[in-house]
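Engineer: Pasting a structure here, questions to come.
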Amino acid sequence: MGVGRRDPAPAGRALTDAAVTAPTARPGRRRLGSAVSAYGAFLPAVLLLGGFFLVPLGIIVVYSFWQVIDYNVVHHWTLDNYRYFFSVGAYVTTMWKTLLVSLVATAIALGLAFPFAYWLSRYVPRRLRVPLLILVVVPFWTSYLLRVYSWLTILGEKGVINRFLQWLGITHHPLGVFLYDRPAVILVLVYLYFPFAALTLYSSIERFDWDQLRAAMDLGATPLRAIRRILVPQIRPGIVTAVIFVFIPILGEYLTPQIVGGTGGVMIGNLVVNFFQAAEYTRGAAVSLLIAAFILLLLVVFRRSLSAPEAYGG
Amino acid sequence: MAADVGVLSRRGRAARACLGVYAVVIYVFLFAPIALLVLFSFNANRYGTFPITGWTLKWYRSAVDNYQIRDALRTTLKIAGEVTLVSVVVGTAAAFPLVRSRLRFRDGIRIGFVLPIMIPGLLIGVSLLVLFTGPLHVQLSPQTAVIGQSVYTTPFVILLVSARLQNFDRSLERAAADLGANTFQRLLRIVFPLILPAILAGALLAFTLSIDEFVITYFLIGTQISLPIYIYTQIKFGITPEVNALASMLLGASLLVLALAFALPQTMRASRRAVRFGLARRTARAGA
């Protein structure tokens with residue numbers, strides 16, 4: 001391939017005995033050299049991700065146990081930030097409702113994606129599958145904010161749905177029920193994250209051999225049992241990846257609830273932003289850490305199905 | 001499976017029809033909001049909604065003339081360029097030892113490197129805000145936004161390039177070494193051309209992620225305005241169809257880039273084939 005393309009003659013002429021033996025001549029020095037170059041190649045990434053990802057997260061952890069007094073962060077070790085968060089009923093409710101919204105939106109997105117992935121892998125001719133899959137991802141090439149905004153023009157009081165209902169004569173006054181509450185947030189989140197769910201589910205459903213399911217049922221398994229015992233275990237990696245790529249980002253969402261959610265749709269991400277904008281850094285840090293804790297919990301639960309080598313193509 | 005399609009039972013045909021309809025509904029769900037966005041960009045109605053009061057291009061004209069949009073676009077492209085450069089260089093360099101050397105804690109390092117993808121941008125944004133304004137005392141600027149975005153885009157490049165390196169046939173390199181190529185030559189003439197597609201894909205991904213990034217940028221950019229931040233303020237303080245026009249133009253541009261990204265490897269392959277064909281003919285003639 002890459003070699004054949006070049007005219008082999010010059011390289012052949014340059015061939016000498018020394019060159020042939022060189023790579024194996026001094027194994028000790030070579031190993032040292034490769035270790036040095038390996039760590040050297042790591043260095044930029046370690047500096048970038050260590051210095052600007054891990055260190056800041058560490059600072060957030062420390063901050064969450066400190067205090068802000070007169071807009072200054074004071075190094076007083078305390079649990080006050082967490083105590084404060086759990087003492088305000090509205091915050092705790094928001095936390096539970098955020099988990100609920102994330103759960104429901106993830107379930108709907110996966111539920112919608114499954115039949116779609118099934119259709120794509122079973123009923124679509126092979127050469128059309130990739131183009132149709134790419135079509136699912138095309139919305140990503142539009143601004144995230146504008147996709148959310150577009151739902152404002154669909155669900156709003158002067159929006160498409162209200163216009164349509166009035167045109168049909170079903171209502172005469174615009175209905176405000178579609179927007180600025182939790183259902184709107186869930187709808188838009190499902191819209192935003194459906195492509196992730198479809199892509200990840202498809203990649204594992206496509207590899208599943210449906211004859212196995214038929215065989216299980218021929219051998220007397222009920223459809224439900226066959227699905228549970230044969231299908232689910234085999235596509236579990238896809239399901240886990242889908243859950244992670246949908247649930248975790250939704251947990252940290254704050255724009256969608258801010259734009260379409262109104263006061264009823266507030267999520268925990270909005271609390272973080274509010275604290276930081278009010279310069280209450282330590283309280284904001286504590287809430288951020290709560291989000292991180294939920295994510296960590298999820299990753300620990302799913303750690304078996306998440307093998308790093310697979311993500312790296314190995 | 002292809003054989004299945006021909007000999008479906010009646011129930012199978014019904015299932016196929018139902019699922020086909022379902023898939024159409026899904027695509028409508030995915031594209032209706034975007035189609036409406038584009039539709040309203042041509043609508044004379046000032047409120048960016050139905051009814052259509054007339055067709056116009058005035059929103060496009062005012063979007064192009066808007067100096068705020070032009071400024072924001074310039075800032076966004078500058079940030080995206082720098083983010084792409086940083087993440088491609090850092091990510092490609094890190095991918096090599098990750099795949100090839102037997103380092104201690106390699107799995108730990110691997111997980112550490114993809115962690116920024118798993119953590120919501122909000123946490124990256126606020127934690128860097130704390131770092132920059134607290135311990136480091138750095139003035140927030142587009143440069144701090146570049147750092148923040150690179151934290152999030154570099155792991156994608158690492159993943160793409162390592163996947164390519166993993167499937168790399170190392171005997172090619174050994175063959176080149178046997179033929180006398182030194183490390184640098186092997187890297188430049190064997191390894192680099194073979195992983196170039198992954199690097200380009202990584203660059204494209206980093207660029208597109210950067211252009212649309214809001215959350216991290218919002219916390220770190222300081223007083224400057226990027227395109228997503230401009231759109232955000234418009235949504236918050238009353239939007240005009242000018243933003244719809246902007247959205248349509250952005251969509252058009254990104255579809256163009258996407259089409260180029262798909263066309264480019266094919267044209268490159270075609271031209272390479274043409275070159276090789278020419279070379280073969282020349283050597284054949286020389287031989288004769």
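Letters A, B, ... mark the chains of the structure tokens in the order given; residue numbers begin at 1 per chain; ligand numbers begin at 1, in order shown.
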DSSP on the backbone, then: every residue of stretch 23-261 of chain A marked alpha helix (DSSP H), written as a ChimeraX atom specification.
Structural biologist: /A:23-25,27-45,55-63,80-87,89-123,126-137,144-155,160-168,182-205,210-218,223-226,232-251,255-260
Engineer: Which residues are close to stretch 143-154 of chain A, i.e. within 7 Å by only C-alpha atoms, leaving aside same-chain residues fewer than 3 positions away? Reply as a PDB file with all heavy atoms, in the first residue's frame.
Structural biologist:
ATOM      1  N   GLY A 159     -46.343  29.803  18.088  1.00  0.00           N
ATOM      2  CA  GLY A 159     -45.588  28.768  17.407  1.00  0.00           C
ATOM      3  C   GLY A 159     -46.398  27.950  16.420  1.00  0.00           C
ATOM      4  O   GLY A 159     -47.607  28.141  16.246  1.00  0.00           O
ATOM      5  N   VAL A 160     -45.702  27.040  15.774  1.00  0.00           N
ATOM      6  CA  VAL A 160     -46.281  26.251  14.690  1.00  0.00           C
ATOM      7  C   VAL A 160     -47.468  25.430  15.177  1.00  0.00           C
ATOM      8  O   VAL A 160     -48.523  25.404  14.541  1.00  0.00           O
ATOM      9  CB  VAL A 160     -45.199  25.321  14.097  1.00  0.00           C
ATOM     10  CG1 VAL A 160     -45.796  24.408  13.049  1.00  0.00           C
ATOM     11  CG2 VAL A 160     -44.074  26.154  13.508  1.00  0.00           C
ATOM     12  N   ILE A 161     -47.342  24.782  16.335  1.00  0.00           N
ATOM     13  CA  ILE A 161     -48.421  23.906  16.815  1.00  0.00           C
ATOM     14  C   ILE A 161     -49.664  24.716  17.142  1.00  0.00           C
ATOM     15  O   ILE A 161     -50.778  24.358  16.745  1.00  0.00           O
ATOM     16  CB  ILE A 161     -47.948  23.105  18.052  1.00  0.00           C
ATOM     17  CG1 ILE A 161     -46.871  22.106  17.622  1.00  0.00           C
ATOM     18  CG2 ILE A 161     -49.109  22.383  18.707  1.00  0.00           C
ATOM     19  CD1 ILE A 161     -46.326  21.276  18.741  1.00  0.00           C
ATOM     20  N   VAL A 188     -37.185  18.205  23.967  1.00  0.00           N
ATOM     21  CA  VAL A 188     -36.031  18.763  23.261  1.00  0.00           C
ATOM     22  C   VAL A 188     -34.772  17.944  23.533  1.00  0.00           C
ATOM     23  O   VAL A 188     -33.954  17.727  22.636  1.00  0.00           O
ATOM     24  CB  VAL A 188     -35.835  20.252  23.635  1.00  0.00           C
ATOM     25  CG1 VAL A 188     -34.574  20.802  23.000  1.00  0.00           C
ATOM     26  CG2 VAL A 188     -37.045  21.055  23.202  1.00  0.00           C
ATOM     27  N   THR A 256     -30.668  23.870  27.494  1.00  0.00           N
ATOM     28  CA  THR A 256     -32.013  23.486  27.093  1.00  0.00           C
ATOM     29  C   THR A 256     -33.051  23.834  28.157  1.00  0.00           C
ATOM     30  O   THR A 256     -34.051  24.484  27.851  1.00  0.00           O
ATOM     31  CB  THR A 256     -32.058  21.991  26.733  1.00  0.00           C
ATOM     32  OG1 THR A 256     -31.176  21.779  25.636  1.00  0.00           O
ATOM     33  CG2 THR A 256     -33.452  21.548  26.363  1.00  0.00           C
ATOM     34  N   VAL A 260     -36.007  26.431  27.021  1.00  0.00           N
ATOM     35  CA  VAL A 260     -37.390  25.974  26.853  1.00  0.00           C
ATOM     36  C   VAL A 260     -38.052  25.566  28.167  1.00  0.00           C
ATOM     37  O   VAL A 260     -39.237  25.259  28.189  1.00  0.00           O
ATOM     38  CB  VAL A 260     -37.491  24.792  25.853  1.00  0.00           C
ATOM     39  CG1 VAL A 260     -36.935  25.168  24.506  1.00  0.00           C
ATOM     40  CG2 VAL A 260     -36.821  23.548  26.388  1.00  0.00           C
TER      41      VAL A 260
ATOM     42  N   PRO B  33     -37.490  20.682  12.645  1.00  0.00           N
ATOM     43  CA  PRO B  33     -37.033  21.934  13.261  1.00  0.00           C
ATOM     44  C   PRO B  33     -36.018  22.684  12.398  1.00  0.00           C
ATOM     45  O   PRO B  33     -36.051  23.916  12.319  1.00  0.00           O
ATOM     46  CB  PRO B  33     -36.385  21.466  14.565  1.00  0.00           C
ATOM     47  CG  PRO B  33     -37.037  20.175  14.874  1.00  0.00           C
ATOM     48  CD  PRO B  33     -37.286  19.524  13.545  1.00  0.00           C
ATOM     49  N   ILE B  34     -35.145  21.924  11.749  1.00  0.00           N
ATOM     50  CA  ILE B  34     -34.125  22.577  10.919  1.00  0.00           C
ATOM     51  C   ILE B  34     -34.764  23.161   9.668  1.00  0.00           C
ATOM     52  O   ILE B  34     -34.457  24.284   9.259  1.00  0.00           O
ATOM     53  CB  ILE B  34     -33.023  21.562  10.564  1.00  0.00           C
ATOM     54  CG1 ILE B  34     -32.311  21.129  11.853  1.00  0.00           C
ATOM     55  CG2 ILE B  34     -32.028  22.161   9.590  1.00  0.00           C
ATOM     56  CD1 ILE B  34     -31.399  19.961  11.678  1.00  0.00           C
ATOM     57  N   LEU B  37     -36.482  26.333  10.527  1.00  0.00           N
ATOM     58  CA  LEU B  37     -35.472  27.376  10.732  1.00  0.00           C
ATOM     59  C   LEU B  37     -35.101  28.021   9.391  1.00  0.00           C
ATOM     60  O   LEU B  37     -35.033  29.248   9.269  1.00  0.00           O
ATOM     61  CB  LEU B  37     -34.232  26.729  11.355  1.00  0.00           C
ATOM     62  CG  LEU B  37     -33.427  27.473  12.397  1.00  0.00           C
ATOM     63  CD1 LEU B  37     -34.296  27.879  13.552  1.00  0.00           C
ATOM     64  CD2 LEU B  37     -32.292  26.586  12.884  1.00  0.00           C
ATOM     65  N   THR B  49     -41.988  33.267  12.490  1.00  0.00           N
ATOM     66  CA  THR B  49     -42.952  32.188  12.677  1.00  0.00           C
ATOM     67  C   THR B  49     -44.015  32.285  11.579  1.00  0.00           C
ATOM     68  O   THR B  49     -43.939  33.148  10.708  1.00  0.00           O
ATOM     69  CB  THR B  49     -43.596  32.267  14.071  1.00  0.00           C
ATOM     70  OG1 THR B  49     -44.589  31.260  14.178  1.00  0.00           O
ATOM     71  CG2 THR B  49     -44.217  33.625  14.333  1.00  0.00           C
ATOM     72  N   ASP B 212     -19.155  25.090  17.323  1.00  0.00           N
ATOM     73  CA  ASP B 212     -20.475  25.064  17.954  1.00  0.00           C
ATOM     74  C   ASP B 212     -20.398  25.071  19.472  1.00  0.00           C
ATOM     75  O   ASP B 212     -21.419  25.097  20.140  1.00  0.00           O
ATOM     76  CB  ASP B 212     -21.250  23.834  17.470  1.00  0.00           C
ATOM     77  CG  ASP B 212     -22.735  23.965  17.777  1.00  0.00           C
ATOM     78  OD1 ASP B 212     -23.233  25.105  17.731  1.00  0.00           O
ATOM     79  OD2 ASP B 212     -23.383  22.951  18.072  1.00  0.00           O
ATOM     80  N   TYR B 232     -26.872  33.056  21.432  1.00  0.00           N
ATOM     81  CA  TYR B 232     -27.465  32.923  22.762  1.00  0.00           C
ATOM     82  C   TYR B 232     -28.062  34.242  23.240  1.00  0.00           C
ATOM     83  O   TYR B 232     -29.195  34.285  23.710  1.00  0.00           O
ATOM     84  CB  TYR B 232     -26.388  32.427  23.731  1.00  0.00           C
ATOM     85  CG  TYR B 232     -26.804  32.375  25.174  1.00  0.00           C
ATOM     86  CD1 TYR B 232     -27.669  31.388  25.633  1.00  0.00           C
ATOM     87  CD2 TYR B 232     -26.322  33.315  26.087  1.00  0.00           C
ATOM     88  CE1 TYR B 232     -28.047  31.337  26.961  1.00  0.00           C
ATOM     89  CE2 TYR B 232     -26.683  33.264  27.413  1.00  0.00           C
ATOM     90  CZ  TYR B 232     -27.545  32.276  27.848  1.00  0.00           C
ATOM     91  OH  TYR B 232     -27.911  32.227  29.165  1.00  0.00           O
TER      92      TYR B 232
END
Engineer: Using only C-alpha atoms for the distances, tell me which of A:Ile186, A:Val246, A:Leu103, A:Val88 is nearest to chain B.
Structural biologist: A:Val246
Engineer: Find the residues near A:Phe86: any atom within 12 Å, counting only C-alpha atoms, skip ones fewer than 6 places away on the same chain, and give them as number ranges by chain.
Structural biologist: A: 79-80, 92-96, 283, 286-287, 290
Engineer: Include N, CA, C and O atoms and write out the residues we just selected as a compact mmCIF listing (two decimals), in the first residue's frame.
Structural biologist:
# COMPACT_ATOMS: atom_id res chain seq x y z
N LEU A 79 -18.13 21.64 55.82
CA LEU A 79 -19.12 20.95 54.98
C LEU A 79 -20.31 21.85 54.69
O LEU A 79 -21.33 21.40 54.17
N ASP A 80 -20.17 23.14 55.02
CA ASP A 80 -21.31 24.05 54.92
C ASP A 80 -21.95 24.10 53.55
O ASP A 80 -23.16 24.22 53.44
N VAL A 92 -32.87 20.40 46.52
CA VAL A 92 -32.92 18.94 46.58
C VAL A 92 -33.95 18.41 45.57
O VAL A 92 -33.70 17.45 44.84
N THR A 93 -35.11 19.09 45.54
CA THR A 93 -36.13 18.69 44.56
C THR A 93 -35.56 18.78 43.15
O THR A 93 -35.77 17.88 42.32
N THR A 94 -34.85 19.89 42.89
CA THR A 94 -34.26 20.05 41.56
C THR A 94 -33.32 18.90 41.24
O THR A 94 -33.32 18.38 40.13
N MET A 95 -32.55 18.49 42.23
CA MET A 95 -31.60 17.40 42.00
C MET A 95 -32.35 16.12 41.61
O MET A 95 -32.02 15.48 40.61
N TRP A 96 -33.39 15.77 42.39
CA TRP A 96 -34.13 14.54 42.08
C TRP A 96 -34.82 14.66 40.73
O TRP A 96 -34.86 13.71 39.95
N ARG A 283 -20.09 27.14 46.77
CA ARG A 283 -21.37 26.43 46.66
C ARG A 283 -21.54 25.83 45.28
O ARG A 283 -21.99 24.69 45.13
N ALA A 286 -19.58 22.72 45.06
CA ALA A 286 -20.22 21.59 45.73
C ALA A 286 -21.28 20.95 44.83
O ALA A 286 -21.36 19.72 44.70
N VAL A 287 -22.10 21.79 44.17
CA VAL A 287 -23.14 21.24 43.29
C VAL A 287 -22.50 20.55 42.09
O VAL A 287 -22.95 19.47 41.67
N LEU A 290 -21.54 17.20 43.01
CA LEU A 290 -22.67 16.27 43.09
C LEU A 290 -22.93 15.65 41.71
O LEU A 290 -23.13 14.44 41.58
